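Trainee: Have a look at the structure that comes next, please.
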Amino acid sequence: MAIAGFYLRRLYTIFKGEVLVLPSRVVVFLFFLAVLFLPIVTQDPYLLRILILTSIFAILAASWDLLSGFTGQLNFGHALFFGVGAYTSALLNLHARIPPSGSIPLGALAAVLAGLIIGIPCLRLRGTYLALTTLAFPIILMGIVFAIPSITGGELGVSGLDRLSRSRVSDYYITVVLMLGLCTIMWKITDSNTGVIFHAIREDELAVRTAGINTTRYKLLAFSLSGFFAGIAGGLYAHFMRIAGPSTLEVSMSFTVVIWAVFGGIVTIYGPVGAVFILFPVLEFLRFWPEFRMLMFAVVILFILLYMPDGLLPWLRDKIEEECPRCKIRNVATRKTCRVCTAPLD
Amino acid sequence: MKRFGFVLGVLLAVCLVMTIGSPAWGAKVIKIGVIGPMKFVQGKGHWNGATLAAEEINAKGGIQVGKKKMKIELVKADSNEFLSMTDATNAMELAITRHKVDFLVGGFRTEAVLAMQDIAMDYKKIFIGCGAAHPKLCTRVAQNYDRYKYWFRGTPFNSMYLARTCFIHMATVGAILKKMLNIPKVKVAIVAEKAMWVDPMVAAAKGFIPKMGMEVAGIWRPSAVATDVTAELSAIQRAGAHMIFTTFSSSVGITFARQAGELKIPAAQVGINVEAQKDGFWDATEGMGNYVMTMNTYARGVEYNELTAPFVDKYIKKFAEVPTYTADTYAAIIYTLAPTIEEAGTLDADKLVAVLENRECMVPSGKIRYTKDTEGRHLHDLKWGPGYLTSLGTQWQDGKLKGVWPNRWKASKDAPEITYKGIVPYKIAPWIIDKYKK
């Protein structure tokens, strides 16, 4: 009992010292609580459906940020990973009767393979050339899908898949917990030494190479990791929708991911996640005005990008928090001095 | 006291007006979800047809359900399925769980309809498909009847029959060319837009044309949005084609017809040209689309039966255009759902399915009967053929879209000849006659 009390007190101390000191961390904490406890308040199937799809697309958007935001490998064909994950999971489920718990990870591994396959020829390309090359890959795969309809189902896709689980609430928890877990993992990767190297490659690849780091290996790692997470999103999508079709590979899917990431703020991981949690439900909410739904959506995005070029979430964060000019620790904007080094804040 | 009496009188009058003026009071309405890509012509057809049906039913006081009359309330659900499949499924779930619809009609893109079908089946809602033609939507019923029995095809008949009908049109025109112009072996150019849905059609045409005693002159695949097809047309002319089998759903249909008319290409156009089904085709081609033939569902003045003209006329009067096949949501509501509900006397989906799958009824585009597969399992697919649904072959003749098929058509040697009211003979373009008439 005493040990439990000790650990509880320690947990509270950490919580007080690490979470409550910064508004952004409080927001993240509240976000975790809100999504985890939502089904206690409501089990409305439509609302849960929207949040399930939001969670799936949040994983996808964060995985794009991991590759294109952090490593600077501009990928305009991210739907490839999503589609490969979706189709592989679907085919394994349908033909090999592998349940979603097995087919989704295997789909993600197939997406890793896809990441390596497109990563290798793209190693020598940068910027616009890389973006255009990556854009071609999902289109090529879509051509293959239509070329072998006996396997891929052609324009119909692969349908009749097993559900993620037996109830909407379980589906919700599976996707939300995976979203929270995978996005935390992605955030931790970017915060690790590997993440620092990803970041450095984006800033100056030559300097990184000069420092003796094998940038090829790290770039391929970024493609593979991004493919893995996007593949999981694809597998979840296929089993939730119970169909994996050519729409998972459409160009619009690739561009939507880029819009989410840029809207939320790239090189953050939390930015794209936040953006999906804002934009996807907003687009659904705008159904009350169907004629102008897409126009309103575009206006919101344009407005944000015009006034917040670094993305919405970093802009908000900068408004409520300030970085210490000496130790680079973030502080709540109302503080006069840094909470760690006591240096005066501007 | 006088004042109290006045207030009481006003209150009673208000209560009376509100009771009379609110038809939904005390009587639940039947909610029908109309789901489709509402920003596109297909979705507009869904909505227009359903609106017409609801207005007609409500004007008669509603549908008799047991002992009470219930009015219809339509719920518009924009599936946006051409652009986003996720949107389509969300719209379906929204219609069922928030708007509490009792029935659903619509759907167009097969991939999206498959996903929407699953959602409707989860909630055991009768969903009458009015757009997607793929057979798989119905084979699901046979394979898993308990789950998919709430799905019924409303329009069109399945894609196998669509292709078959197109080939019949081709054979019909081929026979006319052969007979009138003494062409020993008709050569057919296959021209299909570059789109995935067309690929199986091209492959089938390539296989069937020789079986029909004709010859394939070549295959051309212009872009679906091409603005110039003169190269293809020149090549078709050089290949000596007498007939062009077109498969167009996009704007290339206008370009192709206009330029073929301008160049007076001596080959008759037959097949599917969605643009040529629209009223604006004549103006869009500046009259150069004369003699283009396309498969169609409705045309001014052509009657499958006694229900066709009233529907087409009412539709043209209200929406100033000829109905497209997705407007058959009208038939799905007024001739399929409403009589079934009245017959069963309930809104219970399971009881309605039992009545509906055995119904045979006239609709403006023919007669509906739901089929079974070779093993006798219910498919809930539509019966195609003489006496049931056949569609039309329509041809532009001097600014008017005329029905030209079926004209004394015999489905088999022993079958009776079929000619719908208002059908006129097929016309060969004068420049084709000039070229081949010996």
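The way I read the labels, and the way they are meant: chains A, B, ... in the order of the structure tokens, residue 1 as the first residue of every chain, and ligand 1 as the first ligand shown, with later ones counted on from there.
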Neighbours of segment 86-93 of chain A within 7 Å (only C-alpha atoms; same-chain residues fewer than 2 positions away dropped), as a list in words?
Mentor: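 Contacts, in chain order: Phe82, Gly83, Val84, His95, Ala96, Arg97, Ile98, Pro99, Pro100, Ser103, Ile104, Leu106, Gly107, Ala110, Val158, Leu161, Gly231, Gly234, Gly235, Tyr237, Ala238 and Ala244 of chain A.
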Trainee: At a cut-off of 10 Å, which residues of chain B touch chain A? Count only C-alpha atoms and give the answer as a JSON list (two decimals) with all heavy atoms, in the first residue's frame.
Mentor:
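To be explicit, this is the file written out as out05.json:
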```json
[["chain", "number", "residue", "atom", "x", "y", "z"],
["B", 38, "MET", "N", -24.86, 14.44, -55.41],
["B", 38, "MET", "CA", -25.85, 15.49, -55.67],
["B", 38, "MET", "C", -25.32, 16.67, -56.48],
["B", 38, "MET", "O", -26.10, 17.45, -57.01],
["B", 38, "MET", "CB", -26.46, 15.99, -54.35],
["B", 38, "MET", "CG", -27.27, 14.93, -53.65],
["B", 38, "MET", "SD", -28.66, 14.36, -54.65],
["B", 38, "MET", "CE", -29.24, 12.95, -53.71],
["B", 39, "LYS", "N", -24.01, 16.82, -56.54],
["B", 39, "LYS", "CA", -23.47, 17.94, -57.33],
["B", 39, "LYS", "C", -23.26, 17.54, -58.79],
["B", 39, "LYS", "O", -22.81, 18.32, -59.59],
["B", 39, "LYS", "CB", -22.17, 18.44, -56.70],
["B", 39, "LYS", "CG", -22.43, 19.24, -55.41],
["B", 39, "LYS", "CD", -21.21, 19.92, -54.88],
["B", 39, "LYS", "CE", -20.31, 18.97, -54.13],
["B", 39, "LYS", "NZ", -20.87, 18.38, -52.91],
["B", 76, "LYS", "N", -32.22, 14.23, -48.33],
["B", 76, "LYS", "CA", -31.18, 14.31, -49.36],
["B", 76, "LYS", "C", -29.82, 13.98, -48.74],
["B", 76, "LYS", "O", -29.41, 14.62, -47.77],
["B", 76, "LYS", "CB", -31.15, 15.74, -49.91],
["B", 76, "LYS", "CG", -30.39, 15.92, -51.19],
["B", 76, "LYS", "CD", -30.52, 17.37, -51.62],
["B", 76, "LYS", "CE", -30.14, 17.59, -53.06],
["B", 76, "LYS", "NZ", -30.40, 18.96, -53.49],
["B", 77, "ALA", "N", -29.15, 12.98, -49.28],
["B", 77, "ALA", "CA", -27.83, 12.60, -48.76],
["B", 77, "ALA", "C", -26.81, 12.68, -49.88],
["B", 77, "ALA", "O", -26.83, 11.87, -50.80],
["B", 77, "ALA", "CB", -27.91, 11.18, -48.20],
["B", 78, "ASP", "N", -25.94, 13.67, -49.79],
["B", 78, "ASP", "CA", -24.92, 13.84, -50.84],
["B", 78, "ASP", "C", -23.75, 12.90, -50.57],
["B", 78, "ASP", "O", -22.99, 13.09, -49.64],
["B", 78, "ASP", "CB", -24.44, 15.30, -50.85],
["B", 78, "ASP", "CG", -23.46, 15.56, -51.99],
["B", 78, "ASP", "OD1", -23.19, 14.63, -52.78],
["B", 78, "ASP", "OD2", -22.94, 16.69, -52.08],
["B", 80, "ASN", "N", -21.18, 12.28, -52.56],
["B", 80, "ASN", "CA", -19.91, 12.77, -53.11],
["B", 80, "ASN", "C", -19.02, 11.61, -53.56],
["B", 80, "ASN", "O", -17.79, 11.68, -53.48],
["B", 80, "ASN", "CB", -19.20, 13.61, -52.03],
["B", 80, "ASN", "CG", -18.05, 14.42, -52.59],
["B", 80, "ASN", "OD1", -18.06, 14.81, -53.75],
["B", 80, "ASN", "ND2", -17.04, 14.67, -51.78],
["B", 81, "GLU", "N", -19.66, 10.52, -54.02],
["B", 81, "GLU", "CA", -18.93, 9.27, -54.23],
["B", 81, "GLU", "C", -17.92, 9.30, -55.37],
["B", 81, "GLU", "O", -17.00, 8.47, -55.40],
["B", 81, "GLU", "CB", -19.90, 8.11, -54.42],
["B", 81, "GLU", "CG", -20.86, 8.26, -55.55],
["B", 81, "GLU", "CD", -22.13, 7.44, -55.33],
["B", 81, "GLU", "OE1", -22.97, 7.79, -54.50],
["B", 81, "GLU", "OE2", -22.27, 6.45, -56.03],
["B", 82, "PHE", "N", -18.05, 10.25, -56.30],
["B", 82, "PHE", "CA", -17.05, 10.34, -57.38],
["B", 82, "PHE", "C", -15.72, 10.82, -56.83],
["B", 82, "PHE", "O", -14.66, 10.51, -57.36],
["B", 82, "PHE", "CB", -17.50, 11.31, -58.47],
["B", 82, "PHE", "CG", -18.66, 10.77, -59.28],
["B", 82, "PHE", "CD1", -19.76, 11.56, -59.53],
["B", 82, "PHE", "CD2", -18.63, 9.50, -59.79],
["B", 82, "PHE", "CE1", -20.83, 11.08, -60.27],
["B", 82, "PHE", "CE2", -19.70, 9.00, -60.53],
["B", 82, "PHE", "CZ", -20.79, 9.79, -60.76],
["B", 83, "LEU", "N", -15.78, 11.62, -55.77],
["B", 83, "LEU", "CA", -14.56, 12.22, -55.23],
["B", 83, "LEU", "C", -14.07, 11.54, -53.96],
["B", 83, "LEU", "O", -12.88, 11.52, -53.69],
["B", 83, "LEU", "CB", -14.78, 13.72, -54.95],
["B", 83, "LEU", "CG", -15.26, 14.56, -56.14],
["B", 83, "LEU", "CD1", -15.49, 16.00, -55.73],
["B", 83, "LEU", "CD2", -14.23, 14.52, -57.26],
["B", 84, "SER", "N", -14.97, 11.02, -53.17],
["B", 84, "SER", "CA", -14.54, 10.42, -51.90],
["B", 84, "SER", "C", -15.48, 9.30, -51.48],
["B", 84, "SER", "O", -16.67, 9.53, -51.25],
["B", 84, "SER", "CB", -14.51, 11.51, -50.82],
["B", 84, "SER", "OG", -14.43, 10.93, -49.54],
["B", 85, "MET", "N", -14.88, 8.12, -51.34],
["B", 85, "MET", "CA", -15.68, 6.99, -50.91],
["B", 85, "MET", "C", -16.01, 7.10, -49.43],
["B", 85, "MET", "O", -17.06, 6.64, -48.97],
["B", 85, "MET", "CB", -14.93, 5.70, -51.19],
["B", 85, "MET", "CG", -15.84, 4.58, -51.57],
["B", 85, "MET", "SD", -14.97, 3.06, -51.73],
["B", 85, "MET", "CE", -14.74, 2.60, -50.04],
["B", 86, "THR", "N", -15.11, 7.72, -48.69],
["B", 86, "THR", "CA", -15.34, 7.92, -47.25],
["B", 86, "THR", "C", -16.58, 8.78, -47.06],
["B", 86, "THR", "O", -17.42, 8.50, -46.20],
["B", 86, "THR", "CB", -14.12, 8.62, -46.63],
["B", 86, "THR", "OG1", -12.95, 7.98, -47.11],
["B", 86, "THR", "CG2", -14.14, 8.55, -45.14],
["B", 87, "ASP", "N", -16.69, 9.83, -47.86],
["B", 87, "ASP", "CA", -17.86, 10.71, -47.79],
["B", 87, "ASP", "C", -19.15, 9.92, -48.03],
["B", 87, "ASP", "O", -20.17, 10.17, -47.38],
["B", 87, "ASP", "CB", -17.77, 11.79, -48.88],
["B", 87, "ASP", "CG", -17.11, 13.06, -48.37],
["B", 87, "ASP", "OD1", -16.67, 13.05, -47.20],
["B", 87, "ASP", "OD2", -17.01, 14.03, -49.13],
["B", 89, "THR", "N", -19.83, 6.73, -47.49],
["B", 89, "THR", "CA", -20.24, 5.89, -46.36],
["B", 89, "THR", "C", -20.70, 6.74, -45.18],
["B", 89, "THR", "O", -21.64, 6.38, -44.47],
["B", 89, "THR", "CB", -19.10, 4.95, -45.92],
["B", 89, "THR", "OG1", -17.94, 5.74, -45.67],
["B", 89, "THR", "CG2", -18.79, 3.93, -46.98],
["B", 90, "ASN", "N", -20.05, 7.89, -45.01],
["B", 90, "ASN", "CA", -20.48, 8.78, -43.92],
["B", 90, "ASN", "C", -21.89, 9.28, -44.17],
["B", 90, "ASN", "O", -22.70, 9.38, -43.25],
["B", 90, "ASN", "CB", -19.54, 9.98, -43.80],
["B", 90, "ASN", "CG", -18.17, 9.58, -43.28],
["B", 90, "ASN", "OD1", -17.98, 8.46, -42.84],
["B", 90, "ASN", "ND2", -17.22, 10.48, -43.34],
["B", 91, "ALA", "N", -22.18, 9.62, -45.44],
["B", 91, "ALA", "CA", -23.52, 10.11, -45.78],
["B", 91, "ALA", "C", -24.57, 9.04, -45.51],
["B", 91, "ALA", "O", -25.66, 9.33, -45.03],
["B", 91, "ALA", "CB", -23.56, 10.53, -47.25],
["B", 92, "MET", "N", -24.21, 7.81, -45.82],
["B", 92, "MET", "CA", -25.14, 6.70, -45.59],
["B", 92, "MET", "C", -25.42, 6.53, -44.10],
["B", 92, "MET", "O", -26.57, 6.41, -43.67],
["B", 92, "MET", "CB", -24.53, 5.42, -46.18],
["B", 92, "MET", "CG", -25.38, 4.20, -46.07],
["B", 92, "MET", "SD", -26.98, 4.40, -46.86],
["B", 92, "MET", "CE", -26.86, 3.34, -48.26],
["B", 93, "GLU", "N", -24.36, 6.54, -43.31],
["B", 93, "GLU", "CA", -24.52, 6.36, -41.85],
["B", 93, "GLU", "C", -25.31, 7.53, -41.26],
["B", 93, "GLU", "O", -26.16, 7.34, -40.38],
["B", 93, "GLU", "CB", -23.14, 6.26, -41.18],
["B", 93, "GLU", "CG", -23.21, 5.99, -39.70],
["B", 93, "GLU", "CD", -22.73, 4.61, -39.30],
["B", 93, "GLU", "OE1", -21.88, 4.05, -40.00],
["B", 93, "GLU", "OE2", -23.23, 4.10, -38.28],
["B", 94, "LEU", "N", -25.04, 8.73, -41.76],
["B", 94, "LEU", "CA", -25.75, 9.94, -41.29],
["B", 94, "LEU", "C", -27.25, 9.81, -41.57],
["B", 94, "LEU", "O", -28.09, 10.09, -40.71],
["B", 94, "LEU", "CB", -25.18, 11.17, -41.99],
["B", 94, "LEU", "CG", -25.76, 12.52, -41.58],
["B", 94, "LEU", "CD1", -25.32, 12.90, -40.18],
["B", 94, "LEU", "CD2", -25.32, 13.62, -42.54],
["B", 95, "ALA", "N", -27.57, 9.39, -42.80],
["B", 95, "ALA", "CA", -28.97, 9.26, -43.19],
["B", 95, "ALA", "C", -29.70, 8.24, -42.31],
["B", 95, "ALA", "O", -30.83, 8.46, -41.88],
["B", 95, "ALA", "CB", -29.08, 8.87, -44.66],
["B", 96, "ILE", "N", -29.01, 7.14, -42.02],
["B", 96, "ILE", "CA", -29.67, 6.07, -41.27],
["B", 96, "ILE", "C", -29.75, 6.38, -39.77],
["B", 96, "ILE", "O", -30.80, 6.26, -39.16],
["B", 96, "ILE", "CB", -28.96, 4.71, -41.50],
["B", 96, "ILE", "CG1", -29.09, 4.29, -42.96],
["B", 96, "ILE", "CG2", -29.53, 3.63, -40.59],
["B", 96, "ILE", "CD1", -28.30, 3.07, -43.35],
["B", 97, "THR", "N", -28.62, 6.82, -39.20],
["B", 97, "THR", "CA", -28.61, 6.96, -37.74],
["B", 97, "THR", "C", -29.10, 8.31, -37.24],
["B", 97, "THR", "O", -29.67, 8.39, -36.16],
["B", 97, "THR", "CB", -27.20, 6.69, -37.17],
["B", 97, "THR", "OG1", -26.30, 7.67, -37.71],
["B", 97, "THR", "CG2", -26.71, 5.31, -37.51],
["B", 98, "ARG", "N", -28.87, 9.38, -37.99],
["B", 98, "ARG", "CA", -29.30, 10.70, -37.51],
["B", 98, "ARG", "C", -30.67, 11.07, -38.07],
["B", 98, "ARG", "O", -31.54, 11.52, -37.35],
["B", 98, "ARG", "CB", -28.28, 11.76, -37.92],
["B", 98, "ARG", "CG", -27.01, 11.75, -37.10],
["B", 98, "ARG", "CD", -27.23, 12.42, -35.75],
["B", 98, "ARG", "NE", -26.07, 12.27, -34.90],
["B", 98, "ARG", "CZ", -25.07, 13.13, -34.88],
["B", 98, "ARG", "NH1", -25.09, 14.19, -35.65],
["B", 98, "ARG", "NH2", -24.04, 12.93, -34.07],
["B", 109, "ARG", "N", -21.56, 4.99, -58.04],
["B", 109, "ARG", "CA", -20.25, 4.37, -58.29],
["B", 109, "ARG", "C", -20.17, 3.03, -57.55],
["B", 109, "ARG", "O", -20.34, 2.98, -56.33],
["B", 109, "ARG", "CB", -19.15, 5.32, -57.79],
["B", 109, "ARG", "CG", -17.75, 4.83, -57.95],
["B", 109, "ARG", "CD", -16.77, 5.84, -57.39],
["B", 109, "ARG", "NE", -15.44, 5.29, -57.33],
["B", 109, "ARG", "CZ", -14.40, 5.92, -56.84],
["B", 109, "ARG", "NH1", -14.53, 7.14, -56.37],
["B", 109, "ARG", "NH2", -13.22, 5.36, -56.81],
["B", 110, "THR", "N", -19.89, 1.95, -58.29],
["B", 110, "THR", "CA", -20.01, 0.61, -57.71],
["B", 110, "THR", "C", -19.18, 0.43, -56.45],
["B", 110, "THR", "O", -19.68, -0.13, -55.46],
["B", 110, "THR", "CB", -19.63, -0.46, -58.76],
["B", 110, "THR", "OG1", -20.37, -0.20, -59.95],
["B", 110, "THR", "CG2", -19.94, -1.84, -58.26],
["B", 111, "GLU", "N", -17.93, 0.90, -56.47],
["B", 111, "GLU", "CA", -17.06, 0.72, -55.30],
["B", 111, "GLU", "C", -17.72, 1.35, -54.06],
["B", 111, "GLU", "O", -17.73, 0.76, -52.97],
["B", 111, "GLU", "CB", -15.69, 1.37, -55.55],
["B", 111, "GLU", "CG", -14.72, 1.14, -54.41],
["B", 111, "GLU", "CD", -13.44, 1.99, -54.54],
["B", 111, "GLU", "OE1", -13.23, 2.60, -55.59],
["B", 111, "GLU", "OE2", -12.69, 2.05, -53.56],
["B", 112, "ALA", "N", -18.29, 2.52, -54.24],
["B", 112, "ALA", "CA", -18.94, 3.22, -53.13],
["B", 112, "ALA", "C", -20.24, 2.53, -52.74],
["B", 112, "ALA", "O", -20.56, 2.39, -51.56],
["B", 112, "ALA", "CB", -19.20, 4.67, -53.51],
["B", 113, "VAL", "N", -20.97, 2.05, -53.76],
["B", 113, "VAL", "CA", -22.26, 1.41, -53.46],
["B", 113, "VAL", "C", -22.04, 0.12, -52.67],
["B", 113, "VAL", "O", -22.82, -0.21, -51.77],
["B", 113, "VAL", "CB", -23.07, 1.14, -54.76],
["B", 113, "VAL", "CG1", -24.37, 0.41, -54.45],
["B", 113, "VAL", "CG2", -23.40, 2.46, -55.45],
["B", 114, "LEU", "N", -20.95, -0.60, -52.97],
["B", 114, "LEU", "CA", -20.65, -1.82, -52.21],
["B", 114, "LEU", "C", -20.46, -1.50, -50.73],
["B", 114, "LEU", "O", -20.98, -2.20, -49.85],
["B", 114, "LEU", "CB", -19.38, -2.49, -52.75],
["B", 114, "LEU", "CG", -19.54, -3.31, -54.03],
["B", 114, "LEU", "CD1", -18.17, -3.62, -54.64],
["B", 114, "LEU", "CD2", -20.29, -4.61, -53.77],
["B", 115, "ALA", "N", -19.74, -0.41, -50.46],
["B", 115, "ALA", "CA", -19.50, -0.01, -49.07],
["B", 115, "ALA", "C", -20.80, 0.50, -48.43],
["B", 115, "ALA", "O", -21.09, 0.19, -47.27],
["B", 115, "ALA", "CB", -18.41, 1.05, -49.01],
["B", 116, "MET", "N", -21.57, 1.27, -49.20],
["B", 116, "MET", "CA", -22.83, 1.81, -48.65],
["B", 116, "MET", "C", -23.83, 0.68, -48.41],
["B", 116, "MET", "O", -24.60, 0.70, -47.47],
["B", 116, "MET", "CB", -23.42, 2.83, -49.63],
["B", 116, "MET", "CG", -22.60, 4.10, -49.73],
["B", 116, "MET", "SD", -23.49, 5.44, -50.51],
["B", 116, "MET", "CE", -23.48, 4.96, -52.22],
["B", 118, "ASP", "N", -23.18, -2.32, -47.48],
["B", 118, "ASP", "CA", -22.85, -2.98, -46.21],
["B", 118, "ASP", "C", -23.44, -2.22, -45.02],
["B", 118, "ASP", "O", -23.95, -2.83, -44.08],
["B", 118, "ASP", "CB", -21.32, -3.08, -46.05],
["B", 118, "ASP", "CG", -20.81, -4.43, -46.55],
["B", 118, "ASP", "OD1", -21.51, -5.42, -46.35],
["B", 118, "ASP", "OD2", -19.73, -4.46, -47.16],
["B", 119, "ILE", "N", -23.38, -0.89, -45.08],
["B", 119, "ILE", "CA", -23.91, -0.09, -43.96],
["B", 119, "ILE", "C", -25.44, -0.25, -43.89],
["B", 119, "ILE", "O", -26.00, -0.46, -42.82],
["B", 119, "ILE", "CB", -23.51, 1.39, -44.11],
["B", 119, "ILE", "CG1", -22.00, 1.50, -44.03],
["B", 119, "ILE", "CG2", -24.16, 2.24, -43.03],
["B", 119, "ILE", "CD1", -21.46, 2.86, -44.36],
["B", 134, "HIS", "N", -23.16, -3.09, -61.70],
["B", 134, "HIS", "CA", -22.35, -4.31, -61.58],
["B", 134, "HIS", "C", -23.14, -5.48, -60.97],
["B", 134, "HIS", "O", -23.86, -5.30, -59.98],
["B", 134, "HIS", "CB", -21.11, -4.03, -60.74],
["B", 134, "HIS", "CG", -20.00, -4.99, -61.05],
["B", 134, "HIS", "ND1", -19.99, -6.27, -60.54],
["B", 134, "HIS", "CD2", -18.92, -4.88, -61.84],
["B", 134, "HIS", "CE1", -18.90, -6.89, -61.00],
["B", 134, "HIS", "NE2", -18.25, -6.07, -61.80],
["B", 136, "LYS", "N", -22.17, -7.85, -59.15],
["B", 136, "LYS", "CA", -21.74, -8.28, -57.81],
["B", 136, "LYS", "C", -22.67, -7.78, -56.70],
["B", 136, "LYS", "O", -22.84, -8.43, -55.67],
["B", 136, "LYS", "CB", -20.31, -7.78, -57.54],
["B", 136, "LYS", "CG", -19.76, -8.29, -56.22],
["B", 136, "LYS", "CD", -18.31, -8.06, -56.04],
["B", 136, "LYS", "CE", -17.88, -8.67, -54.71],
["B", 136, "LYS", "NZ", -16.48, -8.45, -54.45],
["B", 140, "ARG", "N", -24.20, -10.84, -54.15],
["B", 140, "ARG", "CA", -24.07, -10.84, -52.68],
["B", 140, "ARG", "C", -25.36, -11.33, -52.02],
["B", 140, "ARG", "O", -25.31, -11.97, -50.97],
["B", 140, "ARG", "CB", -23.77, -9.43, -52.18],
["B", 140, "ARG", "CG", -22.33, -9.00, -52.31],
["B", 140, "ARG", "CD", -22.17, -7.57, -51.84],
["B", 140, "ARG", "NE", -20.83, -7.35, -51.31],
["B", 140, "ARG", "CZ", -20.46, -6.28, -50.63],
["B", 140, "ARG", "NH1", -21.31, -5.32, -50.39],
["B", 140, "ARG", "NH2", -19.22, -6.15, -50.18],
["B", 196, "MET", "N", -11.07, 3.19, -67.12],
["B", 196, "MET", "CA", -11.00, 1.80, -66.68],
["B", 196, "MET", "C", -12.31, 1.05, -66.92],
["B", 196, "MET", "O", -12.29, -0.11, -67.29],
["B", 196, "MET", "CB", -10.66, 1.75, -65.18],
["B", 196, "MET", "CG", -9.36, 2.42, -64.83],
["B", 196, "MET", "SD", -7.97, 1.61, -65.63],
["B", 196, "MET", "CE", -6.61, 2.60, -65.03],
["B", 197, "TRP", "N", -13.44, 1.72, -66.71],
["B", 197, "TRP", "CA", -14.72, 1.01, -66.82],
["B", 197, "TRP", "C", -14.98, 0.50, -68.23],
["B", 197, "TRP", "O", -15.75, -0.42, -68.44],
["B", 197, "TRP", "CB", -15.88, 1.92, -66.36],
["B", 197, "TRP", "CG", -16.25, 3.01, -67.32],
["B", 197, "TRP", "CD1", -15.71, 4.25, -67.38],
["B", 197, "TRP", "CD2", -17.25, 2.97, -68.35],
["B", 197, "TRP", "NE1", -16.29, 4.98, -68.38],
["B", 197, "TRP", "CE2", -17.25, 4.23, -68.99],
["B", 197, "TRP", "CE3", -18.16, 2.00, -68.80],
["B", 197, "TRP", "CZ2", -18.10, 4.53, -70.05],
["B", 197, "TRP", "CZ3", -18.99, 2.31, -69.85],
["B", 197, "TRP", "CH2", -18.98, 3.56, -70.47],
["B", 199, "ASP", "N", -12.67, -0.80, -70.30],
["B", 199, "ASP", "CA", -11.79, -1.90, -70.71],
["B", 199, "ASP", "C", -12.52, -3.23, -70.96],
["B", 199, "ASP", "O", -12.32, -3.86, -72.01],
["B", 199, "ASP", "CB", -10.66, -2.09, -69.69],
["B", 199, "ASP", "CG", -9.74, -0.88, -69.64],
["B", 199, "ASP", "OD1", -9.86, -0.02, -70.54],
["B", 199, "ASP", "OD2", -8.92, -0.78, -68.72]]
```
Trainee: Looking only at the backbone, which of the residues in segment 321-434 of chain B does DSSP tag as strand (DSSP E or B), as a VMD selection string?
Mentor: chain B and resid 360 to 363 366 to 372 378 to 382 384 389 392 to 397 400 to 405 409 418 421
Trainee: Please indicate the distance in Å from atom CA of Glu73 of chain B to atom CA of Phe297 of chain A, rounded to one decimal place.
Mentor: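 Here the two named atoms are 29.2 Å from each other.
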Trainee: Let's see if you can do this: from backbone DSSP, list all helix (DSSP H, G or I) residues in segment 166-407 of chain B, as number ranges by chain.
Mentor: B: 166-181, 196-211, 230-238, 252-262, 274-277, 281-284, 308-319, 325-344, 349-356
Trainee: Counting only C-alpha atoms, what is within 9 Å of Leu225 of chain A, bar same-chain residues fewer than 3 positions away, as a list in words?
Mentor: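 Counting only the stated atoms, we get Ser63, Leu66, Leu67, Val112, Gly115, Met186, Leu220, Leu221, Ala222, Phe228, Phe229 and Ala230 of chain A.
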Trainee: Excluding Tyr270 of chain A and any residue of its chain fewer than 2 positions from it, enumerate the residues within 10 Å of it, using only C-alpha atoms, and give them as JSON, numbers by chain.
Mentor: {"A": [28, 58, 61, 62, 65, 183, 184, 186, 187, 261, 264, 265, 266, 267, 268, 272, 273, 274, 275, 313, 314]}
Trainee: How many Å separate atom CA of Lys318 of chain B from atom CA of Glu55 of chain B?
Mentor: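 Here the two named atoms are 11.6 Å from each other.
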Trainee: Nearest to Ser170 of chain A among A:Leu36, A:Ser24, A:Arg335, A:Phe29, with distances taken over only C-alpha atoms: which residue is it?
Mentor: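 Nearest to Ser170 of chain A: A:Leu36.
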Trainee: Just the residues within 10 Å of Leu177 of chain B, please, counting only C-alpha atoms, with nothing from its chain fewer than 6 positions along; format it as a ChimeraX atom specification.
Mentor: /B:171,183-186,242-243,267-268,428,432-433,436-437
Trainee: Pick out the residues sitting within 12 Å of Asp350 of chain B, and hand them over as a list in words; count only C-alpha atoms, and ignore anything fewer than 2 positions along from it in its own chain.
Mentor: Met121, Tyr123, Lys124, Lys125, Ile126, Tyr145, Asp146, Arg147, Tyr148, Lys149, Tyr150, Trp151, Thr340, Ile341, Ala344, Thr346, Leu347, Asp348, Leu352, Val353, Ala354, Val355, Leu356 and Glu357 of chain B
Trainee: Within 12 Å of Cys338 of chain A, counting only C-alpha atoms, which residues qualify if same-chain residues fewer than 5 places away don't, as a list in words?
Mentor: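 Surrounding residues, per the criterion: Val21, Glu321, Glu322, Glu323, Cys324, Pro325, Arg326, Cys327, Lys328, Ile329, Arg330, Asn331, Val332, Ala333, Ala343, Pro344, Leu345 and Asp346 of chain A.
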